[in-house]
file target07.txt (compact mmCIF, C-alpha atoms)
# COMPACT_ATOMS: atom_id res chain seq x y z
CA MET A 1 92.92 69.31 108.49
CA LYS A 2 95.57 71.22 106.56
CA SER A 3 94.55 73.73 103.91
CA LEU A 4 95.78 73.04 100.40
CA THR A 5 98.28 75.92 100.51
CA SER A 6 99.90 74.59 103.69
CA HIS A 7 101.33 71.50 101.97
CA ARG A 8 105.03 71.71 101.10
CA TRP A 9 104.43 70.68 97.51
CA PHE A 10 101.74 73.29 96.80
CA TYR A 11 103.76 76.42 96.03
CA PRO A 12 106.52 74.60 94.09
CA LEU A 13 103.76 73.09 91.93
CA VAL A 14 102.15 76.49 91.37
CA TYR A 15 105.52 78.04 90.52
CA LEU A 16 106.24 75.22 88.06
CA LEU A 17 102.89 75.87 86.37
CA LEU A 18 103.72 79.57 86.04
CA ILE A 19 107.09 78.71 84.51
CA VAL A 20 105.43 76.37 81.99
CA ILE A 21 102.94 79.11 81.04
CA ALA A 22 105.73 81.68 80.68
CA PHE A 23 107.62 79.44 78.25
CA LEU A 24 104.67 78.66 75.99
CA PRO A 25 105.65 79.40 72.38
CA LEU A 26 104.46 82.62 70.77
CA ARG A 27 101.84 82.49 68.02
CA THR A 28 102.95 84.28 64.84
CA GLU A 29 101.83 84.41 61.21
CA VAL A 30 105.45 84.26 60.06
CA PRO A 31 107.50 81.46 61.69
CA TYR A 32 110.32 82.66 63.95
CA ASP A 33 113.56 81.20 65.22
CA PRO A 34 113.10 80.44 68.95
CA ARG A 35 116.42 82.17 69.53
CA HIS A 36 114.71 85.39 68.44
CA THR A 37 111.84 85.12 70.91
CA GLN A 38 112.80 88.33 72.73
CA GLN A 39 112.84 90.22 69.43
CA VAL A 40 109.31 89.02 68.64
CA ILE A 41 108.13 90.05 72.11
CA PHE A 42 109.75 93.48 71.72
CA GLU A 43 107.92 94.01 68.42
CA ILE A 44 104.65 93.05 70.11
CA ILE A 45 104.96 95.25 73.18
CA SER A 46 106.26 98.26 71.26
CA ARG A 47 103.11 98.31 69.09
CA ALA A 48 100.29 96.56 70.95
CA ALA A 49 99.18 99.41 73.21
CA LEU A 50 99.52 102.24 70.66
CA PRO A 51 95.79 102.27 69.73
CA TYR A 52 94.90 102.78 73.41
CA ALA A 53 97.61 105.32 74.33
CA ALA A 54 95.09 108.14 74.79
CA TRP A 55 93.56 106.25 77.72
CA GLY A 56 96.76 106.27 79.77
CA TRP A 57 95.43 108.92 82.16
CA VAL A 58 92.54 106.66 83.22
CA PHE A 59 94.87 104.14 84.89
CA HIS A 60 96.81 106.83 86.74
CA VAL A 61 93.67 108.48 88.06
CA ALA A 62 92.08 105.15 89.00
CA THR A 63 95.19 104.06 90.91
CA LEU A 64 95.36 107.34 92.82
CA ALA A 65 91.63 107.04 93.56
CA VAL A 66 91.90 103.58 95.16
CA ILE A 67 94.93 104.76 97.18
CA ALA A 68 92.95 107.77 98.41
CA LEU A 69 90.07 105.47 99.35
CA ALA A 70 92.48 103.23 101.25
CA VAL A 71 93.76 106.22 103.26
CA TRP A 72 90.17 107.05 104.21
CA ASN A 73 88.95 103.46 104.71
CA PRO A 74 91.61 100.69 104.58
CA GLN A 75 89.13 97.83 104.23
CA ALA A 76 87.06 99.40 101.47
CA GLY A 77 90.22 100.69 99.81
CA GLY A 78 91.77 97.23 99.89
CA ARG A 79 88.76 95.65 98.24
CA ALA A 80 88.63 98.41 95.62
CA ALA A 81 92.37 98.02 94.92
CA ALA A 82 92.06 94.26 94.46
CA ALA A 83 89.12 94.70 92.09
CA TYR A 84 90.80 97.49 90.16
CA PHE A 85 94.10 95.69 89.65
CA GLY A 86 92.22 92.51 88.71
CA LEU A 87 90.38 94.42 85.98
CA ASN A 88 93.63 96.11 84.94
CA TYR A 89 95.26 92.71 84.38
CA LEU A 90 92.37 91.75 82.09
CA VAL A 91 92.81 95.00 80.17
CA ILE A 92 96.52 94.27 79.77
CA ALA A 93 95.73 90.74 78.57
CA PHE A 94 93.61 92.29 75.83
CA ALA A 95 95.78 95.30 74.97
CA GLN A 96 99.45 94.33 75.40
CA THR A 97 99.81 90.71 74.39
CA ARG A 98 99.02 90.82 70.66
CA ALA A 99 99.93 93.08 67.75
CA GLN A 100 100.53 93.32 64.03
CA THR A 101 104.32 93.26 63.80
CA PRO A 102 106.49 94.23 60.81
CA SER A 103 108.62 91.08 60.85
CA TYR A 104 106.29 88.31 62.03
CA GLY A 105 102.79 89.40 61.02
CA PHE A 106 100.06 89.12 63.64
CA ALA A 107 101.74 87.84 66.82
CA VAL A 108 100.43 86.79 70.23
CA HIS A 109 102.49 86.55 73.41
CA THR A 110 100.70 83.39 74.52
CA GLY A 111 102.23 82.96 77.97
CA ALA A 112 101.69 86.60 78.96
CA LEU A 113 98.09 86.48 77.73
CA ILE A 114 97.27 83.43 79.86
CA ALA A 115 99.15 84.73 82.91
CA ASP A 116 97.43 88.13 82.76
CA VAL A 117 93.99 86.53 82.54
CA LEU A 118 94.74 84.24 85.49
CA LEU A 119 96.10 87.13 87.58
CA GLY A 120 93.06 89.22 86.72
CA LEU A 121 90.67 86.50 87.84
CA LEU A 122 92.78 85.87 90.96
CA TRP A 123 92.58 89.49 92.13
CA LEU A 124 88.89 89.74 91.34
CA TRP A 125 88.49 86.66 93.58
CA VAL A 126 90.51 88.41 96.31
CA ALA A 127 88.19 91.41 96.02
CA TRP A 128 85.13 89.17 96.26
CA ARG A 129 86.58 87.46 99.33
CA ASP A 130 87.58 90.84 100.82
CA GLY A 131 91.13 89.51 101.15
CA LEU A 132 93.10 92.76 101.22
CA ARG A 133 93.20 95.46 103.89
CA LEU A 134 95.27 98.38 102.63
CA ASP A 135 96.13 100.38 105.73
CA LEU A 136 98.91 102.63 104.43
CA ARG A 137 99.28 104.57 107.67
CA ALA A 138 100.05 101.39 109.62
CA ALA A 139 102.75 100.15 107.21
CA PRO A 140 106.24 99.79 108.76
CA ARG A 141 108.37 102.80 107.82
CA GLY A 142 111.16 100.70 106.35
CA ARG A 143 108.87 99.44 103.58
CA TRP A 144 108.42 102.98 102.28
CA LEU A 145 112.04 102.85 101.10
CA LEU A 146 110.68 100.93 98.11
CA LEU A 147 108.46 103.86 97.08
CA PRO A 148 110.89 105.23 94.41
CA PHE A 149 110.60 101.98 92.46
CA ALA A 150 106.80 102.27 92.39
CA VAL A 151 106.95 105.95 91.42
CA LEU A 152 109.35 105.19 88.56
CA VAL A 153 107.01 102.71 86.88
CA PHE A 154 103.94 104.83 87.65
CA TRP A 155 105.72 107.64 85.78
CA SER A 156 107.02 105.28 83.05
CA PRO A 157 109.43 107.86 81.59
CA LEU A 158 110.25 106.21 78.29
CA GLY A 159 109.71 106.61 74.59
CA PHE A 160 110.64 105.04 71.26
CA GLU A 161 112.92 106.68 68.70
CA GLY A 162 113.93 104.83 65.56
CA GLY A 163 113.56 101.41 67.16
CA ARG A 164 115.37 102.48 70.34
CA VAL A 165 113.91 102.81 73.82
CA VAL A 166 114.91 106.18 75.27
CA PRO A 167 114.25 108.08 78.53
CA ASN A 168 111.51 110.69 78.51
CA PHE A 169 111.15 112.48 81.85
CA ALA A 170 108.29 114.76 80.81
CA PRO A 171 106.40 115.60 84.04
CA ALA A 172 103.06 115.14 82.27
CA LEU A 173 103.76 111.41 81.97
CA LEU A 174 103.13 111.11 85.72
CA LEU A 175 99.44 111.33 84.82
CA ILE A 176 99.14 110.37 81.16
CA SER A 177 101.83 107.78 80.36
CA PRO A 178 100.15 104.91 78.48
CA ASP A 179 102.90 102.50 79.48
CA TYR A 180 101.87 102.28 83.15
CA GLY A 181 98.33 100.92 83.00
CA LEU A 182 98.75 99.12 79.69
CA ALA A 183 102.00 97.28 80.46
CA TYR A 184 102.24 94.29 82.79
CA CYS A 185 105.84 95.00 83.79
CA PHE A 186 105.05 98.57 84.88
CA MET A 187 101.68 98.07 86.54
CA THR A 188 102.66 95.00 88.56
CA PRO A 189 105.38 96.74 90.65
CA VAL A 190 102.83 99.32 91.84
CA LEU A 191 100.50 96.53 92.95
CA LEU A 192 103.37 94.69 94.64
CA PHE A 193 104.44 97.85 96.48
CA LEU A 194 100.92 98.30 97.85
CA LEU A 195 100.80 94.64 98.86
CA ILE A 196 104.15 94.97 100.65
CA LEU A 197 102.75 97.94 102.58
CA ALA A 198 99.60 95.97 103.41
CA TYR A 199 101.32 92.74 104.47
CA PRO A 200 100.31 90.64 106.38
CA HIS A 201 96.72 91.81 105.75
CA VAL A 202 96.74 90.36 102.24
CA ASN A 203 95.82 87.03 100.71
CA ARG A 204 99.15 85.18 100.88
CA PHE A 205 98.46 82.95 97.89
CA ALA A 206 97.65 85.92 95.63
CA LEU A 207 100.73 87.77 96.90
CA ARG A 208 103.10 84.90 96.19
CA VAL A 209 101.64 84.06 92.78
CA THR A 210 101.79 87.71 91.68
CA ALA A 211 105.33 88.15 92.98
CA PHE A 212 106.69 84.93 91.47
CA ASN A 213 105.22 85.69 88.07
CA GLY A 214 106.68 89.18 88.32
CA LEU A 215 110.07 87.69 89.17
CA LEU A 216 109.93 85.52 86.06
CA TYR A 217 109.32 88.46 83.75
CA GLY A 218 111.82 90.60 85.63
CA LEU A 219 114.46 87.95 84.96
CA PHE A 220 113.39 87.54 81.33
CA ASN A 221 113.85 91.24 80.72
CA LEU A 222 117.41 91.25 81.99
CA SER A 223 118.19 90.45 78.35
CA ALA A 224 117.30 94.06 77.52
CA TRP A 225 120.61 95.12 79.12
CA ALA A 226 122.56 93.28 76.40
CA ASN A 227 121.27 95.53 73.61
CA PRO A 228 122.14 99.26 73.55
CA ASP A 229 118.79 99.95 71.86
CA THR A 230 116.83 98.50 74.80
CA LEU A 231 119.14 99.41 77.68
CA TRP A 232 116.66 101.90 79.16
CA LEU A 233 113.96 99.24 78.98
CA GLY A 234 116.21 97.08 81.15
CA VAL A 235 116.50 99.91 83.67
CA MET A 236 112.73 100.28 83.72
CA HIS A 237 112.37 96.61 84.70
CA ILE A 238 114.45 96.96 87.86
CA PRO A 239 111.34 97.85 89.94
CA LEU A 240 109.60 94.64 88.84
CA LEU A 241 112.61 92.57 89.83
CA VAL A 242 113.25 94.29 93.17
CA LEU A 243 109.63 94.45 94.33
CA SER A 244 108.95 90.85 93.28
CA VAL A 245 111.89 89.64 95.37
CA ALA A 246 110.80 91.78 98.32
CA ALA A 247 107.20 90.50 98.15
CA LEU A 248 108.34 86.87 97.90
CA TRP A 249 110.62 87.37 100.89
CA LEU A 250 107.72 88.71 102.95
CA GLY A 251 105.29 86.07 101.71
CA ARG A 252 107.55 83.15 102.65
CA LYS A 253 106.68 83.59 106.35

call {"tool": "encode", "arguments": {"input": "target07.txt", "output": "structure tokens"}}
result
Amino acid sequence: MKSLTSHRWFYPLVYLLLIVIAFLPLRTEVPYDPRHTQQVIFEIISRAALPYAAWGWVFHVATLAVIALAVWNPQAGGRAAAAYFGLNYLVIAFAQTRAQTPSYGFAVHTGALIADVLLGLLWLWVAWRDGLRLDLRAAPRGRWLLLPFAVLVFWSPLGFEGGRVVPNFAPALLLISPDYGLAYCFMTPVLLFLLILAYPHVNRFALRVTAFNGLLYGLFNLSAWANPDTLWLGVMHIPLLVLSVAALWLGRK
């Protein structure tokens, strides 16, 4: 008897569901023109995590801790990584998807909120099922070429000046940047990089769902390249796009 995921229609159906969720309309106090959706989202993400910025170091230290555990014990480290990233998605759902904006009042990024909750529950399920073995020393050498993309988002060298997104390469941000652990588009590439290193010892369904959702938001944020004020934000989304494509390519087998 075939498993559900082995049917040809299964993954296209899941991907369609993710697309529908991603395109759910935003909830705002002040009505907005759908053509300005990206502007509303930018106002949300540029303000939502500010109250929690002081906790940025926690996500860096926790990520390094689960990686260190994986080096010592790949099975235990894999389970810890799945649990940690699952919890991190739930934190992002709470912290990054809603804010009091200057133009639209209280606004909620509905699709991102739902997707983050689902991804959080998915990775907690993977941890419960012990569905990830993170043996970094056994990873094919070629996959380590993707490391710079993961380091870039882990560092998250960016800041805001007068409504513009600008580079900020302060070394301290490698350990304290609030944008890594509190931003879906910067945390997800680190998870995807670890999954690429672990493959094929990873739950294939969770890998493909995470990568496809990452691809969606990577493509959405290509629009940042069209505005000089958000050009650096577009650069910072390259890791999400590249690592999502790489993970989907691996997961297709």

call {"tool": "closest_atom_pairs", "arguments": {"input": "target07.txt", "of": "region 162-218 of chain A", "to": "region 52-70 of chain A", "cutoff": "8 Å", "atoms": "all atoms listed in the file", "output": "Markdown table"}}
result
| residue | atom | partner | partner_atom | distance |
| --- | --- | --- | --- | --- |
| A:Leu174 | CA | A:His60 | CA | 7.7 |
| A:Leu175 | CA | A:Trp57 | CA | 5.4 |
| A:Ile176 | CA | A:Trp57 | CA | 4.1 |
| A:Ser177 | CA | A:Gly56 | CA | 5.3 |
| A:Pro178 | CA | A:Gly56 | CA | 3.9 |
| A:Asp179 | CA | A:Gly56 | CA | 7.2 |
| A:Tyr180 | CA | A:Gly56 | CA | 7.3 |
| A:Gly181 | CA | A:Phe59 | CA | 5.1 |
| A:Leu182 | CA | A:Gly56 | CA | 7.4 |

call {"tool": "atom_distance", "arguments": {"input": "target07.txt", "atom1": "CA of Tyr89 (chain A)", "atom2": "CA of Gly120 (chain A)"}}
result
4.7 Å

call {"tool": "residues_around", "arguments": {"input": "target07.txt", "residues": "Ala48 (chain A)", "least_positions_apart": "2", "cutoff": "10 Å", "atoms": "all atoms listed in the file", "output": "number ranges by chain"}}
result
A: 42-46, 50-53, 92, 94-101, 107-108, 182-183

call {"tool": "residues_around", "arguments": {"input": "target07.txt", "residues": "Leu248 (chain A)", "least_positions_apart": "4", "cutoff": "8 Å", "atoms": "only C-alpha atoms", "output": "MDAnalysis selection string"}}
result
chainID A and resid 207:208 211:212 244 252

call {"tool": "write_last_selection", "arguments": {"input": "target07.txt", "atoms": "C-alpha atoms", "output": "PDB file, in the frame of the given file"}}
result
ATOM      1  CA  LEU A 207     100.730  87.770  96.900  1.00  0.00           C
ATOM      2  CA  ARG A 208     103.100  84.900  96.190  1.00  0.00           C
ATOM      3  CA  ALA A 211     105.330  88.150  92.980  1.00  0.00           C
ATOM      4  CA  PHE A 212     106.690  84.930  91.470  1.00  0.00           C
ATOM      5  CA  SER A 244     108.950  90.850  93.280  1.00  0.00           C
ATOM      6  CA  ARG A 252     107.550  83.150 102.650  1.00  0.00           C
TER       7      ARG A 252
END

call {"tool": "atom_distance", "arguments": {"input": "target07.txt", "atom1": "CA of Glu161 (chain A)", "atom2": "CA of Gln38 (chain A)"}}
result
18.8 Å

call {"tool": "atom_distance", "arguments": {"input": "target07.txt", "atom1": "CA of Leu124 (chain A)", "atom2": "CA of Ile238 (chain A)"}}
result
26.8 Å

call {"tool": "residues_around", "arguments": {"input": "target07.txt", "residues": "Val153 (chain A)", "least_positions_apart": "2", "cutoff": "7 Å", "atoms": "only C-alpha atoms", "output": "list of chain:residue names"}}
result
A:Phe149, A:Ala150, A:Val151, A:Trp155, A:Ser156, A:Tyr180, A:Phe186, A:Met236

call {"tool": "residues_near_point", "arguments": {"input": "target07.txt", "point": "(104.3, 86.9, 73.6)", "cutoff": "7 Å", "atoms": "all atoms listed in the file", "output": "PDB file with C-alpha atoms, keeping the file's coordinate frame"}}
result
ATOM      1  CA  LEU A  26     104.460  82.620  70.770  1.00  0.00           C
ATOM      2  CA  ILE A  41     108.130  90.050  72.110  1.00  0.00           C
ATOM      3  CA  THR A  97      99.810  90.710  74.390  1.00  0.00           C
ATOM      4  CA  VAL A 108     100.430  86.790  70.230  1.00  0.00           C
ATOM      5  CA  HIS A 109     102.490  86.550  73.410  1.00  0.00           C
ATOM      6  CA  THR A 110     100.700  83.390  74.520  1.00  0.00           C
ATOM      7  CA  GLY A 111     102.230  82.960  77.970  1.00  0.00           C
ATOM      8  CA  ALA A 112     101.690  86.600  78.960  1.00  0.00           C
TER       9      ALA A 112
END

call {"tool": "closest_atom_pairs", "arguments": {"input": "target07.txt", "of": "region 6-115 of chain A", "to": "region 195-198 of chain A", "cutoff": "10 Å", "atoms": "only C-alpha atoms", "output": "CSV"}}
result
residue,atom,partner,partner_atom,distance
A:Pro74,CA,A:Ala198,CA,9.4
A:Gly78,CA,A:Ala198,CA,8.7
A:Ala81,CA,A:Leu195,CA,9.9
A:Ala82,CA,A:Leu195,CA,9.8

call {"tool": "write_last_selection", "arguments": {"input": "target07.txt", "atoms": "C-alpha atoms", "output": "short mmCIF file (atom, residue, chain, number, x, y, z; two decimals), in the coordinates of the input"}}
result
data_model
loop_
_atom_site.label_atom_id
_atom_site.label_comp_id
_atom_site.auth_asym_id
_atom_site.auth_seq_id
_atom_site.Cartn_x
_atom_site.Cartn_y
_atom_site.Cartn_z
CA PRO A 74 91.61 100.69 104.58
CA GLY A 78 91.77 97.23 99.89
CA ALA A 81 92.37 98.02 94.92
CA ALA A 82 92.06 94.26 94.46
#

call {"tool": "closest_residue", "arguments": {"input": "target07.txt", "among": "A:Gly105, A:Thr230, A:Arg79, A:Leu192", "to": "Gly162 (chain A)", "atoms": "only C-alpha atoms"}}
result
A:Thr230

call {"tool": "residues_near_point", "arguments": {"input": "target07.txt", "point": "(112.5, 90.3, 82.2)", "cutoff": "10 Å", "atoms": "only C-alpha atoms", "output": "mmCIF file with C-alpha atoms, keeping the file's coordinate frame"}}
result
data_model
loop_
_atom_site.group_PDB
_atom_site.id
_atom_site.type_symbol
_atom_site.label_atom_id
_atom_site.label_comp_id
_atom_site.auth_asym_id
_atom_site.auth_seq_id
_atom_site.Cartn_x
_atom_site.Cartn_y
_atom_site.Cartn_z
ATOM 1 C CA GLN A 38 112.800 88.330 72.730
ATOM 2 C CA CYS A 185 105.840 95.000 83.790
ATOM 3 C CA GLY A 214 106.680 89.180 88.320
ATOM 4 C CA LEU A 215 110.070 87.690 89.170
ATOM 5 C CA LEU A 216 109.930 85.520 86.060
ATOM 6 C CA TYR A 217 109.320 88.460 83.750
ATOM 7 C CA GLY A 218 111.820 90.600 85.630
ATOM 8 C CA LEU A 219 114.460 87.950 84.960
ATOM 9 C CA PHE A 220 113.390 87.540 81.330
ATOM 10 C CA ASN A 221 113.850 91.240 80.720
ATOM 11 C CA LEU A 222 117.410 91.250 81.990
ATOM 12 C CA SER A 223 118.190 90.450 78.350
ATOM 13 C CA ALA A 224 117.300 94.060 77.520
ATOM 14 C CA TRP A 225 120.610 95.120 79.120
ATOM 15 C CA LEU A 233 113.960 99.240 78.980
ATOM 16 C CA GLY A 234 116.210 97.080 81.150
ATOM 17 C CA HIS A 237 112.370 96.610 84.700
ATOM 18 C CA ILE A 238 114.450 96.960 87.860
ATOM 19 C CA LEU A 240 109.600 94.640 88.840
ATOM 20 C CA LEU A 241 112.610 92.570 89.830
#

call {"tool": "closest_residue", "arguments": {"input": "target07.txt", "among": "A:Gly142, A:Pro171, A:Pro12, A:Gly86", "to": "Thr210 (chain A)", "atoms": "all atoms listed in the file"}}
result
A:Gly86

call {"tool": "closest_residue", "arguments": {"input": "target07.txt", "among": "A:Gly131, A:Asp33, A:Arg47, A:Val235", "to": "Ala80 (chain A)", "atoms": "all atoms listed in the file"}}
result
A:Gly131

call {"tool": "closest_residue", "arguments": {"input": "target07.txt", "among": "A:Val202, A:Val209, A:Ala172, A:Pro148", "to": "Pro239 (chain A)", "atoms": "all atoms listed in the file"}}
result
A:Pro148

call {"tool": "closest_residue", "arguments": {"input": "target07.txt", "among": "A:Val165, A:Val242, A:Arg204, A:Leu173", "to": "Val190 (chain A)", "atoms": "all atoms listed in the file"}}
result
A:Val242

call {"tool": "closest_residue", "arguments": {"input": "target07.txt", "among": "A:Ala247, A:Leu87, A:Leu17, A:Leu231", "to": "Ala115 (chain A)", "atoms": "all atoms listed in the file"}}
result
A:Leu17

call {"tool": "decode", "arguments": {"input": "target07.txt", "residues": "region 190-200 of chain A", "atoms": "all heavy atoms", "output": "PDB file, in the first residue's frame"}}
result
ATOM      1  N   VAL A 190      19.004  29.260   7.286  1.00  0.00           N
ATOM      2  CA  VAL A 190      19.920  28.512   8.161  1.00  0.00           C
ATOM      3  C   VAL A 190      19.392  27.100   8.365  1.00  0.00           C
ATOM      4  O   VAL A 190      20.147  26.113   8.289  1.00  0.00           O
ATOM      5  CB  VAL A 190      20.093  29.238   9.515  1.00  0.00           C
ATOM      6  CG1 VAL A 190      20.912  28.382  10.481  1.00  0.00           C
ATOM      7  CG2 VAL A 190      20.771  30.593   9.299  1.00  0.00           C
ATOM      8  N   LEU A 191      18.091  26.972   8.620  1.00  0.00           N
ATOM      9  CA  LEU A 191      17.490  25.643   8.746  1.00  0.00           C
ATOM     10  C   LEU A 191      17.664  24.852   7.455  1.00  0.00           C
ATOM     11  O   LEU A 191      18.053  23.674   7.487  1.00  0.00           O
ATOM     12  CB  LEU A 191      16.012  25.772   9.090  1.00  0.00           C
ATOM     13  CG  LEU A 191      15.183  24.485   9.030  1.00  0.00           C
ATOM     14  CD1 LEU A 191      15.732  23.422   9.972  1.00  0.00           C
ATOM     15  CD2 LEU A 191      13.709  24.770   9.326  1.00  0.00           C
ATOM     16  N   LEU A 192      17.389  25.478   6.316  1.00  0.00           N
ATOM     17  CA  LEU A 192      17.507  24.774   5.041  1.00  0.00           C
ATOM     18  C   LEU A 192      18.943  24.321   4.782  1.00  0.00           C
ATOM     19  O   LEU A 192      19.169  23.223   4.266  1.00  0.00           O
ATOM     20  CB  LEU A 192      17.027  25.671   3.899  1.00  0.00           C
ATOM     21  CG  LEU A 192      15.518  25.917   3.841  1.00  0.00           C
ATOM     22  CD1 LEU A 192      15.185  26.962   2.780  1.00  0.00           C
ATOM     23  CD2 LEU A 192      14.769  24.617   3.539  1.00  0.00           C
ATOM     24  N   PHE A 193      19.911  25.154   5.147  1.00  0.00           N
ATOM     25  CA  PHE A 193      21.311  24.754   4.967  1.00  0.00           C
ATOM     26  C   PHE A 193      21.639  23.513   5.794  1.00  0.00           C
ATOM     27  O   PHE A 193      22.285  22.577   5.299  1.00  0.00           O
ATOM     28  CB  PHE A 193      22.238  25.906   5.362  1.00  0.00           C
ATOM     29  CG  PHE A 193      23.694  25.547   5.310  1.00  0.00           C
ATOM     30  CD1 PHE A 193      24.313  25.255   4.101  1.00  0.00           C
ATOM     31  CD2 PHE A 193      24.449  25.484   6.472  1.00  0.00           C
ATOM     32  CE1 PHE A 193      25.658  24.912   4.050  1.00  0.00           C
ATOM     33  CE2 PHE A 193      25.795  25.143   6.441  1.00  0.00           C
ATOM     34  CZ  PHE A 193      26.405  24.849   5.224  1.00  0.00           C
ATOM     35  N   LEU A 194      21.170  23.480   7.028  1.00  0.00           N
ATOM     36  CA  LEU A 194      21.409  22.309   7.872  1.00  0.00           C
ATOM     37  C   LEU A 194      20.703  21.073   7.313  1.00  0.00           C
ATOM     38  O   LEU A 194      21.250  19.956   7.363  1.00  0.00           O
ATOM     39  CB  LEU A 194      20.950  22.585   9.301  1.00  0.00           C
ATOM     40  CG  LEU A 194      21.735  23.672  10.047  1.00  0.00           C
ATOM     41  CD1 LEU A 194      21.103  23.934  11.416  1.00  0.00           C
ATOM     42  CD2 LEU A 194      23.199  23.279  10.202  1.00  0.00           C
ATOM     43  N   LEU A 195      19.514  21.261   6.767  1.00  0.00           N
ATOM     44  CA  LEU A 195      18.786  20.133   6.184  1.00  0.00           C
ATOM     45  C   LEU A 195      19.491  19.614   4.931  1.00  0.00           C
ATOM     46  O   LEU A 195      19.514  18.405   4.677  1.00  0.00           O
ATOM     47  CB  LEU A 195      17.354  20.555   5.840  1.00  0.00           C
ATOM     48  CG  LEU A 195      16.470  20.998   7.006  1.00  0.00           C
ATOM     49  CD1 LEU A 195      15.092  21.394   6.499  1.00  0.00           C
ATOM     50  CD2 LEU A 195      16.369  19.890   8.048  1.00  0.00           C
ATOM     51  N   ILE A 196      20.048  20.525   4.150  1.00  0.00           N
ATOM     52  CA  ILE A 196      20.802  20.122   2.957  1.00  0.00           C
ATOM     53  C   ILE A 196      22.021  19.305   3.364  1.00  0.00           C
ATOM     54  O   ILE A 196      22.339  18.294   2.734  1.00  0.00           O
ATOM     55  CB  ILE A 196      21.205  21.366   2.145  1.00  0.00           C
ATOM     56  CG1 ILE A 196      19.968  21.984   1.476  1.00  0.00           C
ATOM     57  CG2 ILE A 196      22.257  21.016   1.088  1.00  0.00           C
ATOM     58  CD1 ILE A 196      20.208  23.345   0.867  1.00  0.00           C
ATOM     59  N   LEU A 197      22.693  19.720   4.431  1.00  0.00           N
ATOM     60  CA  LEU A 197      23.842  18.952   4.925  1.00  0.00           C
ATOM     61  C   LEU A 197      23.400  17.576   5.426  1.00  0.00           C
ATOM     62  O   LEU A 197      24.116  16.579   5.268  1.00  0.00           O
ATOM     63  CB  LEU A 197      24.542  19.706   6.057  1.00  0.00           C
ATOM     64  CG  LEU A 197      25.228  21.024   5.700  1.00  0.00           C
ATOM     65  CD1 LEU A 197      25.888  21.615   6.944  1.00  0.00           C
ATOM     66  CD2 LEU A 197      26.270  20.837   4.596  1.00  0.00           C
ATOM     67  N   ALA A 198      22.224  17.519   6.042  1.00  0.00           N
ATOM     68  CA  ALA A 198      21.745  16.266   6.637  1.00  0.00           C
ATOM     69  C   ALA A 198      21.164  15.304   5.616  1.00  0.00           C
ATOM     70  O   ALA A 198      21.112  14.092   5.860  1.00  0.00           O
ATOM     71  CB  ALA A 198      20.691  16.577   7.699  1.00  0.00           C
ATOM     72  N   TYR A 199      20.694  15.810   4.496  1.00  0.00           N
ATOM     73  CA  TYR A 199      19.990  14.969   3.515  1.00  0.00           C
ATOM     74  C   TYR A 199      20.854  13.789   3.076  1.00  0.00           C
ATOM     75  O   TYR A 199      22.041  13.954   2.839  1.00  0.00           O
ATOM     76  CB  TYR A 199      19.626  15.824   2.284  1.00  0.00           C
ATOM     77  CG  TYR A 199      18.686  15.125   1.336  1.00  0.00           C
ATOM     78  CD1 TYR A 199      17.322  15.135   1.564  1.00  0.00           C
ATOM     79  CD2 TYR A 199      19.169  14.425   0.232  1.00  0.00           C
ATOM     80  CE1 TYR A 199      16.455  14.485   0.711  1.00  0.00           C
ATOM     81  CE2 TYR A 199      18.304  13.774  -0.618  1.00  0.00           C
ATOM     82  CZ  TYR A 199      16.956  13.809  -0.381  1.00  0.00           C
ATOM     83  OH  TYR A 199      16.099  13.157  -1.220  1.00  0.00           O
ATOM     84  N   PRO A 200      20.294  12.561   3.013  1.00  0.00           N
ATOM     85  CA  PRO A 200      18.867  12.207   3.027  1.00  0.00           C
ATOM     86  C   PRO A 200      18.306  11.819   4.399  1.00  0.00           C
ATOM     87  O   PRO A 200      17.209  11.286   4.462  1.00  0.00           O
ATOM     88  CB  PRO A 200      18.846  10.999   2.096  1.00  0.00           C
ATOM     89  CG  PRO A 200      20.135  10.312   2.386  1.00  0.00           C
ATOM     90  CD  PRO A 200      21.132  11.425   2.637  1.00  0.00           C
TER      91      PRO A 200
END
